[in-house]
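model23.cif, holding mmCIF, C-alpha atoms and all ligand atoms:
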```cif
data_structure
#
loop_
_atom_site.label_atom_id
_atom_site.label_comp_id
_atom_site.auth_asym_id
_atom_site.auth_seq_id
_atom_site.Cartn_x
_atom_site.Cartn_y
_atom_site.Cartn_z
CA MET W 1 -23.14 35.20 0.77
CA LYS W 2 -26.00 37.62 0.34
CA ALA W 3 -23.71 40.34 1.68
CA ALA W 4 -21.27 39.44 -1.08
CA GLY W 5 -23.96 40.22 -3.63
CA LEU W 6 -25.22 36.71 -4.35
CA ARG W 7 -28.92 36.34 -5.14
CA PHE W 8 -30.65 33.09 -4.20
CA LEU W 9 -33.69 31.62 -5.91
CA LEU W 10 -34.64 28.96 -3.39
CA ASP W 11 -37.40 26.46 -4.19
CA HIS W 12 -36.77 27.12 -7.86
CA THR W 13 -35.87 24.48 -10.43
CA ALA W 14 -33.44 25.16 -13.24
CA ALA W 15 -35.42 23.47 -15.99
CA GLN W 16 -33.69 24.14 -19.29
CA ILE W 17 -30.60 25.70 -20.80
CA ASP W 18 -30.73 27.42 -24.16
CA ALA W 19 -27.01 27.49 -24.90
CA ASP W 20 -27.37 29.42 -28.16
CA ARG W 21 -29.30 32.26 -26.52
CA HIS W 22 -27.32 32.00 -23.25
CA ALA W 23 -30.57 31.70 -21.28
CA LEU W 24 -31.62 29.49 -18.39
CA THR W 25 -35.29 28.69 -17.80
CA VAL W 26 -36.20 28.57 -14.12
CA ARG W 27 -39.45 27.32 -12.62
CA ASP W 28 -40.75 28.89 -9.40
CA PRO W 29 -42.69 27.01 -6.69
CA ASP W 30 -45.99 27.89 -8.44
CA GLY W 31 -44.81 26.29 -11.66
CA ASP W 32 -44.31 29.60 -13.46
CA GLU W 33 -41.30 29.75 -15.72
CA ARG W 34 -39.04 32.59 -16.78
CA ALA W 35 -35.73 32.91 -18.57
CA ILE W 36 -32.59 34.35 -17.03
CA GLY W 37 -29.71 35.38 -19.27
CA TYR W 38 -26.13 34.47 -18.44
CA ASP W 39 -22.60 35.24 -19.58
CA THR W 40 -21.24 32.10 -17.94
CA LEU W 41 -23.20 29.35 -16.27
CA ILE W 42 -22.09 26.74 -13.72
CA VAL W 43 -24.03 23.52 -13.39
CA GLY W 44 -23.75 21.91 -9.93
CA THR W 45 -26.71 19.58 -9.83
CA GLY W 46 -24.99 16.84 -7.83
CA ALA W 47 -26.04 13.22 -7.88
CA VAL W 48 -29.18 11.21 -7.39
CA PRO W 49 -29.33 7.99 -5.42
CA ALA W 50 -28.98 4.80 -7.42
CA ARG W 51 -32.18 2.77 -7.38
CA PRO W 52 -31.13 -0.86 -7.64
CA PRO W 53 -33.55 -3.30 -9.33
CA ILE W 54 -35.50 -4.12 -6.18
CA ASP W 55 -39.29 -4.38 -6.30
CA GLY W 56 -41.05 -2.29 -3.68
CA LEU W 57 -38.60 0.58 -3.24
CA ASP W 58 -41.56 2.96 -2.90
CA THR W 59 -43.21 0.97 -0.12
CA PRO W 60 -43.79 3.14 2.97
CA GLY W 61 -40.95 2.54 5.43
CA VAL W 62 -38.41 1.93 2.65
CA HIS W 63 -35.96 4.82 2.19
CA VAL W 64 -33.52 5.37 -0.64
CA LEU W 65 -31.00 7.57 1.05
CA HIS W 66 -29.32 10.68 -0.27
CA SER W 67 -30.67 14.12 0.60
CA MET W 68 -31.36 15.80 3.91
CA ASP W 69 -35.08 15.31 3.25
CA ASN W 70 -34.46 11.56 2.97
CA VAL W 71 -32.55 11.66 6.26
CA PHE W 72 -35.35 13.55 8.03
CA ALA W 73 -37.83 10.93 6.81
CA VAL W 74 -35.57 8.13 8.11
CA HIS W 75 -35.23 9.96 11.41
CA ASP W 76 -39.03 10.24 11.73
CA ARG W 77 -39.35 6.50 11.12
CA ILE W 78 -36.64 5.33 13.51
CA THR W 79 -37.87 7.53 16.34
CA LEU W 80 -41.27 5.80 16.29
CA PRO W 81 -41.51 3.65 19.44
CA SER W 82 -42.51 0.68 17.25
CA THR W 83 -39.27 0.79 15.24
CA ARG W 84 -36.88 -1.77 16.67
CA ARG W 85 -35.36 -3.53 13.71
CA ALA W 86 -33.60 -1.99 10.70
CA ILE W 87 -32.29 -3.51 7.50
CA ILE W 88 -29.72 -1.60 5.47
CA VAL W 89 -29.22 -2.64 1.86
CA GLY W 90 -25.68 -1.78 0.78
CA ALA W 91 -22.45 -2.01 2.78
CA GLY W 92 -20.71 1.00 1.28
CA TYR W 93 -19.49 3.75 3.57
CA ILE W 94 -22.93 5.33 3.92
CA GLY W 95 -24.61 2.00 4.71
CA LEU W 96 -21.96 1.23 7.33
CA GLU W 97 -22.18 4.69 8.90
CA LEU W 98 -25.93 4.14 9.15
CA ALA W 99 -25.38 0.76 10.82
CA ASP W 100 -23.20 2.52 13.40
CA ALA W 101 -25.76 5.31 13.93
CA PHE W 102 -28.77 3.00 14.14
CA SER W 103 -26.98 0.73 16.62
CA HIS W 104 -26.18 3.69 18.82
CA ARG W 105 -29.91 4.42 18.79
CA GLY W 106 -30.58 0.92 20.10
CA LEU W 107 -31.94 -0.62 16.90
CA ASP W 108 -31.34 -4.22 15.92
CA VAL W 109 -29.44 -3.79 12.63
CA THR W 110 -28.84 -6.09 9.66
CA VAL W 111 -26.70 -5.04 6.69
CA ILE W 112 -27.18 -6.88 3.39
CA GLU W 113 -24.53 -6.58 0.68
CA MET W 114 -24.49 -8.37 -2.69
CA LEU W 115 -20.69 -8.35 -2.96
CA ASP W 116 -18.55 -10.74 -0.95
CA GLN W 117 -17.23 -8.10 1.44
CA VAL W 118 -18.25 -4.93 3.19
CA LEU W 119 -16.79 -1.66 1.86
CA ALA W 120 -15.82 -2.84 -1.60
CA THR W 121 -13.43 0.13 -1.97
CA ILE W 122 -10.86 -1.49 0.37
CA ASP W 123 -8.84 -4.69 0.20
CA THR W 124 -10.43 -7.88 1.49
CA GLU W 125 -7.72 -8.19 4.18
CA LEU W 126 -8.99 -4.97 5.75
CA ALA W 127 -12.68 -5.52 5.01
CA ALA W 128 -12.68 -8.75 7.04
CA PRO W 129 -11.60 -7.14 10.36
CA LEU W 130 -13.98 -4.27 9.64
CA GLN W 131 -16.82 -6.78 9.29
CA ASP W 132 -15.70 -8.32 12.62
CA THR W 133 -16.05 -4.85 14.18
CA LEU W 134 -19.63 -4.61 12.96
CA THR W 135 -20.42 -8.08 14.27
CA ARG W 136 -18.73 -7.33 17.60
CA HIS W 137 -21.11 -4.39 17.98
CA GLY W 138 -24.17 -6.52 17.35
CA VAL W 139 -24.74 -5.80 13.65
CA THR W 140 -25.74 -8.80 11.55
CA VAL W 141 -23.87 -8.71 8.24
CA ALA W 142 -24.96 -10.76 5.22
CA THR W 143 -22.51 -10.51 2.32
CA GLY W 144 -22.92 -12.18 -1.08
CA VAL W 145 -26.69 -11.69 -0.76
CA THR W 146 -28.78 -9.83 -3.35
CA VAL W 147 -32.10 -8.28 -2.36
CA HIS W 148 -34.85 -8.69 -4.98
CA ALA W 149 -37.95 -7.26 -3.33
CA ILE W 150 -39.29 -5.52 -0.28
CA GLU W 151 -42.95 -5.93 0.56
CA PRO W 152 -45.27 -4.97 3.40
CA ASP W 153 -45.80 -7.68 6.02
CA GLY W 154 -48.42 -6.49 8.48
CA THR W 155 -46.89 -3.47 10.19
CA GLN W 156 -43.42 -4.59 9.11
CA LEU W 157 -41.44 -4.96 5.91
CA ARG W 158 -40.26 -8.25 4.45
CA VAL W 159 -36.97 -8.25 2.59
CA ILE W 160 -36.70 -11.00 -0.03
CA SER W 161 -33.25 -12.02 -1.17
CA ASP W 162 -31.54 -14.69 -3.24
CA ASP W 163 -30.23 -16.63 -0.23
CA GLY W 164 -33.77 -17.54 0.78
CA GLY W 165 -33.26 -15.64 4.04
CA ASP W 166 -36.49 -14.51 5.62
CA ARG W 167 -35.77 -11.07 7.06
CA THR W 168 -38.27 -8.59 8.44
CA ALA W 169 -37.74 -5.08 9.73
CA ASP W 170 -39.57 -1.93 10.76
CA VAL W 171 -37.46 0.26 8.51
CA VAL W 172 -35.38 -0.50 5.41
CA VAL W 173 -32.78 1.91 4.07
CA VAL W 174 -31.27 1.38 0.63
CA ALA W 175 -27.82 2.95 0.27
CA ALA W 176 -26.63 1.62 -3.05
CA GLY W 177 -24.53 4.50 -4.34
CA VAL W 178 -25.26 7.45 -6.56
CA ARG W 179 -25.32 8.39 -10.21
CA PRO W 180 -24.64 11.84 -11.65
CA ASN W 181 -27.65 14.13 -12.05
CA THR W 182 -27.14 15.38 -15.59
CA THR W 183 -30.70 16.16 -16.64
CA LEU W 184 -30.16 19.92 -16.75
CA ALA W 185 -26.76 19.79 -18.49
CA GLN W 186 -28.22 17.50 -21.14
CA THR W 187 -30.76 20.15 -22.11
CA ALA W 188 -27.74 22.18 -23.26
CA GLY W 189 -26.34 19.21 -25.14
CA ALA W 190 -23.34 18.71 -22.82
CA ALA W 191 -21.36 15.54 -23.48
CA LEU W 192 -21.42 12.75 -20.92
CA GLY W 193 -18.52 10.43 -20.11
CA GLN W 194 -17.42 8.24 -17.20
CA ARG W 195 -20.43 6.60 -15.50
CA GLY W 196 -22.69 9.05 -17.33
CA ALA W 197 -21.09 12.11 -15.67
CA ILE W 198 -20.69 15.43 -17.50
CA VAL W 199 -17.43 15.69 -19.43
CA VAL W 200 -15.33 18.64 -18.21
CA ASP W 201 -11.77 19.72 -18.85
CA ARG W 202 -9.24 20.59 -16.13
CA HIS W 203 -10.76 24.09 -15.95
CA MET W 204 -14.21 22.57 -15.34
CA ARG W 205 -15.45 23.66 -18.76
CA THR W 206 -18.07 21.48 -20.40
CA ASP W 207 -17.97 21.10 -24.18
CA VAL W 208 -20.74 23.74 -24.43
CA PRO W 209 -19.38 27.31 -24.70
CA ASP W 210 -19.55 29.34 -21.44
CA ILE W 211 -20.99 26.47 -19.42
CA TYR W 212 -18.93 25.08 -16.54
CA ALA W 213 -19.88 22.18 -14.30
CA ALA W 214 -18.60 20.85 -10.99
CA ASP W 215 -19.35 18.36 -8.19
CA ASP W 216 -21.07 14.96 -8.13
CA CYS W 217 -22.52 15.56 -11.60
CA VAL W 218 -19.14 15.65 -13.41
CA GLU W 219 -16.18 13.48 -14.24
CA THR W 220 -13.15 13.85 -12.00
CA TRP W 221 -9.55 14.04 -13.17
CA HIS W 222 -7.42 11.30 -11.59
CA PRO W 223 -3.76 12.38 -11.52
CA LEU W 224 -2.33 8.85 -11.27
CA LEU W 225 -4.46 7.44 -14.04
CA ALA W 226 -4.05 10.67 -16.03
CA ARG W 227 -7.63 10.38 -17.19
CA PRO W 228 -11.10 11.23 -15.90
CA THR W 229 -12.94 8.95 -13.54
CA TYR W 230 -16.03 9.40 -11.34
CA LEU W 231 -15.43 10.15 -7.65
CA PRO W 232 -18.54 11.68 -6.05
CA LEU W 233 -17.10 13.03 -2.80
CA GLY W 234 -17.56 16.22 -0.83
CA THR W 235 -13.82 16.91 -0.94
CA THR W 236 -13.84 16.65 -4.72
CA ALA W 237 -17.02 18.71 -5.16
CA HIS W 238 -15.69 21.63 -3.10
CA LYS W 239 -12.43 21.91 -5.02
CA GLN W 240 -14.07 21.53 -8.40
CA GLY W 241 -16.65 24.13 -7.45
CA ARG W 242 -13.94 26.60 -6.47
CA ALA W 243 -12.13 26.12 -9.78
CA ALA W 244 -15.35 26.38 -11.81
CA GLY W 245 -16.42 29.53 -9.97
CA ALA W 246 -13.04 31.20 -10.36
CA ASN W 247 -12.86 30.39 -14.06
CA ALA W 248 -16.44 31.44 -14.73
CA ALA W 249 -15.47 34.80 -13.21
CA GLY W 250 -12.49 35.15 -15.54
CA SER W 251 -9.68 33.41 -13.65
CA ASP W 252 -7.38 30.70 -14.99
CA THR W 253 -7.58 28.01 -12.34
CA ARG W 254 -6.78 24.37 -13.05
CA TYR W 255 -8.39 21.66 -10.95
CA ALA W 256 -5.59 19.43 -9.64
CA GLY W 257 -7.66 16.26 -9.55
CA SER W 258 -8.62 13.73 -6.92
CA LEU W 259 -6.93 10.58 -5.63
CA GLY W 260 -10.18 9.40 -4.09
CA SER W 261 -8.93 9.98 -0.54
CA GLN W 262 -11.61 9.14 1.95
CA ALA W 263 -12.09 8.02 5.54
CA VAL W 264 -14.98 6.55 7.43
CA LYS W 265 -15.53 5.82 11.12
CA ILE W 266 -17.40 2.63 11.95
CA PHE W 267 -17.91 2.18 15.71
CA ASP W 268 -14.40 2.29 17.22
CA ARG W 269 -12.57 1.84 13.92
CA VAL W 270 -11.53 4.18 11.14
CA VAL W 271 -10.79 3.08 7.59
CA ALA W 272 -8.97 5.48 5.30
CA ARG W 273 -7.77 5.12 1.76
CA THR W 274 -6.12 7.10 -0.97
CA GLY W 275 -4.92 6.45 -4.50
CA LEU W 276 -4.95 3.12 -6.25
CA ARG W 277 -5.43 -0.38 -4.95
CA PRO W 278 -2.98 -2.99 -6.26
CA HIS W 279 -5.35 -4.42 -8.88
CA GLU W 280 -6.29 -0.92 -10.09
CA ALA W 281 -2.61 -0.01 -10.37
CA SER W 282 -1.72 -3.10 -12.36
CA THR W 283 -4.75 -2.63 -14.61
CA HIS W 284 -3.34 0.78 -15.51
CA GLY W 285 0.13 -0.42 -16.34
CA TYR W 286 1.94 0.08 -13.03
CA LYS W 287 3.91 -2.71 -11.42
CA PRO W 288 2.49 -2.39 -7.94
CA CYS W 289 4.14 -3.81 -4.82
CA THR W 290 2.06 -3.77 -1.68
CA VAL W 291 3.16 -4.36 1.90
CA ASP W 292 1.02 -4.89 4.96
CA ASP W 293 2.34 -3.55 8.23
CA HIS W 294 0.73 -3.73 11.65
CA LYS W 295 2.33 -2.97 14.97
CA ALA W 296 1.43 -1.85 18.47
CA TYR W 297 3.17 1.21 19.88
CA TYR W 298 2.00 1.75 23.43
CA PRO W 299 0.47 -0.27 26.28
CA GLY W 300 -3.14 -0.82 25.35
CA ALA W 301 -2.64 0.43 21.81
CA THR W 302 -4.41 -1.45 19.08
CA PRO W 303 -2.25 -2.24 16.06
CA PRO W 304 -3.04 -0.19 12.98
CA ARG W 305 -2.94 -1.99 9.69
CA ILE W 306 -1.51 -0.17 6.72
CA HIS W 307 -1.32 -1.37 3.14
CA LEU W 308 1.11 0.72 1.12
CA THR W 309 1.15 0.23 -2.62
CA ALA W 310 4.00 1.67 -4.63
CA ASP W 311 5.23 1.24 -8.15
CA ALA W 312 8.20 -1.08 -8.56
CA ASP W 313 10.23 2.15 -8.97
CA GLY W 314 9.30 3.30 -5.47
CA LEU W 315 6.63 5.87 -6.19
CA PRO W 316 3.68 5.53 -3.79
CA LEU W 317 0.44 4.80 -5.62
CA GLY W 318 -2.02 4.25 -2.83
CA ALA W 319 -2.66 3.25 0.75
CA GLN W 320 -5.36 1.74 2.86
CA LEU W 321 -5.40 1.97 6.62
CA LEU W 322 -7.55 0.45 9.33
CA ALA W 323 -7.18 1.17 13.02
CA HIS W 324 -8.85 2.14 16.25
CA THR W 325 -10.20 5.70 16.19
CA ASP W 326 -7.36 6.75 18.54
CA ALA W 327 -4.72 5.83 15.96
CA GLU W 328 -5.39 8.81 13.72
CA VAL W 329 -5.14 6.81 10.52
CA ALA W 330 -7.11 9.36 8.50
CA LYS W 331 -4.35 11.93 8.93
CA ARG W 332 -1.72 9.26 8.27
CA CYS W 333 -3.54 8.51 5.04
CA ASP W 334 -3.30 12.22 4.27
CA VAL W 335 0.50 12.07 4.62
CA ILE W 336 0.57 9.40 1.93
CA ALA W 337 -1.90 11.34 -0.24
CA THR W 338 0.43 14.34 0.05
CA ALA W 339 3.39 12.17 -0.96
CA ILE W 340 1.51 10.86 -4.00
CA HIS W 341 0.46 14.37 -5.00
CA HIS W 342 4.02 15.65 -4.89
CA ARG W 343 5.51 12.49 -6.41
CA LEU W 344 7.63 11.73 -3.35
CA THR W 345 9.23 8.29 -3.23
CA VAL W 346 8.85 5.69 -0.52
CA ALA W 347 12.34 6.70 0.61
CA ASP W 348 11.28 10.34 0.84
CA LEU W 349 8.60 9.28 3.32
CA LEU W 350 11.40 8.23 5.67
CA ASP W 351 12.90 11.71 5.57
CA LEU W 352 9.72 13.45 6.73
CA ASP W 353 9.95 14.98 10.18
CA LEU W 354 6.72 13.61 11.61
CA THR W 355 5.62 14.07 15.21
CA TYR W 356 6.10 11.51 17.97
CA THR W 357 4.80 11.06 21.47
CA PRO W 358 4.37 7.53 22.84
CA PRO W 359 0.55 7.54 23.19
CA LEU W 360 0.14 8.61 19.58
CA SER W 361 3.02 7.35 17.49
CA ALA W 362 6.56 6.02 17.44
CA PRO W 363 9.90 7.61 16.54
CA TRP W 364 9.26 6.17 13.13
CA ASP W 365 5.66 7.00 12.45
CA PRO W 366 3.53 4.03 11.27
CA VAL W 367 3.60 5.56 7.79
CA GLN W 368 7.41 5.40 7.91
CA GLN W 369 7.37 1.90 9.35
CA VAL W 370 5.34 0.66 6.44
CA ALA W 371 7.70 2.55 4.12
CA GLN W 372 10.65 0.73 5.73
CA GLU W 373 8.82 -2.55 5.31
CA TRP W 374 8.27 -1.71 1.66
CA GLN W 375 11.97 -0.96 1.21
CA ALA W 376 12.96 -4.18 2.91
CA GLN W 377 10.79 -6.16 0.53
CA HIS W 378 11.78 -4.22 -2.59
CA PRO W 379 15.45 -3.34 -2.11
CA ARG W 380 16.09 -2.59 -5.76
CA GLY W 381 13.37 0.05 -6.11
CA LEU W 382 13.99 3.77 -6.51
CA ALA W 383 13.12 3.74 -2.81
CA MET W 384 16.77 3.05 -1.97
CA THR W 385 17.91 6.33 -3.47
CA GLY W 386 16.58 8.29 -0.50
CA SER W 387 18.21 8.26 2.94
CA ALA W 388 17.59 5.06 4.83
CA PRO W 389 16.92 4.93 8.59
CA GLY W 390 20.22 5.27 10.42
C1 LIG Y 401 -25.00 10.32 3.89
C2 LIG Y 401 -23.85 10.89 3.11
C3 LIG Y 401 -22.59 10.98 3.74
C4 LIG Y 401 -21.51 11.50 3.02
N1 LIG Y 401 -20.29 11.57 3.64
C5 LIG Y 401 -19.22 12.08 2.97
C6 LIG Y 401 -17.95 12.18 3.61
O1 LIG Y 401 -17.77 11.80 4.78
N2 LIG Y 401 -16.91 12.69 2.89
C7 LIG Y 401 -17.07 13.13 1.60
O2 LIG Y 401 -16.09 13.61 1.00
N3 LIG Y 401 -18.28 13.05 0.98
C8 LIG Y 401 -19.35 12.55 1.63
N4 LIG Y 401 -20.57 12.46 1.02
C9 LIG Y 401 -20.68 12.92 -0.38
C10 LIG Y 401 -20.90 14.40 -0.39
O3 LIG Y 401 -21.97 14.74 0.45
C11 LIG Y 401 -21.20 14.80 -1.81
O4 LIG Y 401 -20.13 14.43 -2.62
C12 LIG Y 401 -21.39 16.32 -1.91
O5 LIG Y 401 -22.45 16.75 -1.13
C13 LIG Y 401 -21.66 16.64 -3.36
O6 LIG Y 401 -22.01 17.97 -3.47
P1 LIG Y 401 -22.85 18.38 -4.72
O7 LIG Y 401 -22.79 19.85 -4.85
O8 LIG Y 401 -22.41 17.55 -5.87
O9 LIG Y 401 -24.30 17.84 -4.48
P2 LIG Y 401 -25.44 18.34 -3.50
O10 LIG Y 401 -24.89 18.74 -2.20
O11 LIG Y 401 -26.46 17.25 -3.56
O12 LIG Y 401 -25.98 19.66 -4.22
C14 LIG Y 401 -26.66 19.62 -5.45
C15 LIG Y 401 -27.86 20.53 -5.31
O13 LIG Y 401 -28.40 20.79 -6.59
C16 LIG Y 401 -29.81 20.86 -6.48
N5 LIG Y 401 -30.37 20.66 -7.82
C17 LIG Y 401 -30.28 19.55 -8.60
N6 LIG Y 401 -30.90 19.74 -9.79
C18 LIG Y 401 -31.38 21.01 -9.77
C19 LIG Y 401 -32.12 21.79 -10.70
N7 LIG Y 401 -32.46 21.32 -11.88
N8 LIG Y 401 -32.46 23.06 -10.33
C20 LIG Y 401 -32.10 23.56 -9.13
N9 LIG Y 401 -31.40 22.86 -8.20
C21 LIG Y 401 -31.05 21.60 -8.53
C22 LIG Y 401 -30.14 19.77 -5.50
O14 LIG Y 401 -31.40 19.96 -4.92
C23 LIG Y 401 -28.98 19.91 -4.48
O15 LIG Y 401 -29.33 20.79 -3.45
C24 LIG Y 401 -21.68 11.95 1.69
C25 LIG Y 401 -22.93 11.85 1.07
C26 LIG Y 401 -24.00 11.34 1.78
C27 LIG Y 401 -25.35 11.24 1.10
#
```

As structure tokens, what does this structure read like?
Amino acid sequence: MKAAGLRFLLDHTAAQIDADRHALTVRDPDGDERAIGYDTLIVGTGAVPARPPIDGLDTPGVHVLHSMDNVFAVHDRITLPSTRRAIIVGAGYIGLELADAFSHRGLDVTVIEMLDQVLATIDTELAAPLQDTLTRHGVTVATGVTVHAIEPDGTQLRVISDDGGDRTADVVVVAAGVRPNTTLAQTAGAALGQRGAIVVDRHMRTDVPDIYAADDCVETWHPLLARPTYLPLGTTAHKQGRAAGANAAGSDTRYAGSLGSQAVKIFDRVVARTGLRPHEASTHGYKPCTVDDHKAYYPGATPPRIHLTADADGLPLGAQLLAHTDAEVAKRCDVIATAIHHRLTVADLLDLDLTYTPPLSAPWDPVQQVAQEWQAQHPRGLAMTGSAPG
């Protein structure tokens, strides 16, 4: 990047934007400030970890996870010989990935989640087998439990929750989501919208002249909802950043939006999702129809589970998949994300020439099998206008 002419001010903080004078105040490591003029400015300040209302979050041994520095501190703690037991607060994808990683390191792991299921971004029917996977690998999972306080208990930490459970650990990690870091953008007077994220248009322009913004600090356009939402993901941040950079340099690049596609590996399982869940679809005026398909394809194969949600007219709206890591469900999810992006119908999915070899798939790929299942259950949908399996 340096070779391309970029100049880096590492260990500097962008403290203030004077939008009228087109000047950014930066603070160096010694605390000295100076102003840098700009023609266009891009804000990419990311997110900060959410700090849930739990007393004792700053107790030594308690980590609120987000940055690499946080991770190094967790690593230092778990590699102490005295660290045997870990409690993770939050069963989102980061909390569950941590449970997997800590278990592989030989720690005794408990995950506490205030909602009634792990991974609240997927349907309960898939969250339940995922929770079984965690349990099968020795992780204790407590759902429907809210943590109120964490306090020192000798050399350990005591986690106090509303179920009266008495849990102690050597390390506690809180992974309770993120919120947009908008402090800098607010000094320029930028408007905030969804979940407090910076309002941007499809060209990643804020409402302040010549200031663009991208990544976990901004709203994200959702093509199915046709409105902004907040989807702090690496995939989203990269594409927004590219659009913002191109436009700040004079291009005319429109950010296509995000369907919230994501995948996570937990022990020997992968969960992937894209688009809308049935209740989200119906909330936004669609008439969603969801089918659940699970089949085995090969001796020893574990059956993938796929939920396909489509509008009553046969336009795919979303999918959720759960399977063994060998079943490649993340890439199957990507097929459905591609179909949603290009407004293919469920019937169009059947026309796709997808690969097949017995250890990996079937002549009708699992994505197509669930599409057939959808057609069988909704014969009057637009789905029937495509070519049916012969
Ligand atoms: C443990 C973990 C696992 C994840 N896994 C996935 C995954 O599998 N898939 C996926 O899609 N996403 C994943 N994500 C999310 C993904 O990492 C983020 O969406 C992505 O990093 C966001 O990039 P960003 O540019 O918004 O933020 P960051 O990468 O956090 O960059 C923002 C930078 O701005 C700096 N900054 C902030 N304010 C100022 C200021 N005033 N002056 C100067 N610098 C400032 C910060 O120090 C930071 O370096 C994961 C996140 C975490 C924490």

Close residues, Arg158 (chain W) itself excluded, 10 Å, all atoms listed in the file, min 4 positions apart in chain, as a list in words: Ile87, Ala149, Ile150, Glu151, Pro152, Asp153, Gly154, Asp166, Arg167, Thr168, Ala169, Asp170, Val171 and Val172 of chain W

Taking all atoms listed in the file into account, list the residues no farther than 7 Å from ligand LIG 401 (chain Y), as number ranges by chain. W: 12-15, 44-47, 65-67, 94, 181, 184, 215-217, 232-237, 262-264

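Neighbouring residues of Arg179 (chain W) at 7 Å or closer, counting all atoms listed in the file and skipping chain neighbours under 4 positions away, are Ala47, Val48, Pro49 and Ala50 of chain W.
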
For the atom pair CA of Ile211 (chain W) and CA of Ala248 (chain W), what is the interatomic distance in Å to one decimal place? 8.2 Å

W:Ala23, W:Val200, W:Leu107, W:Ile266: which is nearest Arg227 (chain W), counting all atoms listed in the file? W:Val200

Within 8 Å of Ile17 (chain W), counting all atoms listed in the file, which residues show up once you throw out same-chain ones fewer than 3 positions away? Write them as a PyMOL selection string, please. chain W and resi 22-25+184-185+187-188

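Our summary of the geometry notes that CA of Ala330 (chain W) is positioned 9.5 Å from CA of Lys265 (chain W).
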
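One distance worth recording is that between CA of Arg195 (chain W) and CA of Asp252 (chain W), which is 27.4 Å.
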
Report, as JSON, the axis-aligned box around all atoms of region 237-256 of chain W present in the file, extended by 6 Å on each side; give centre and edge lengths in Å to one decimal place.
```
{"center_x": -11.3, "center_y": 26.9, "center_z": -9.3, "size_x": 23.4, "size_y": 28.4, "size_z": 24.4}
```
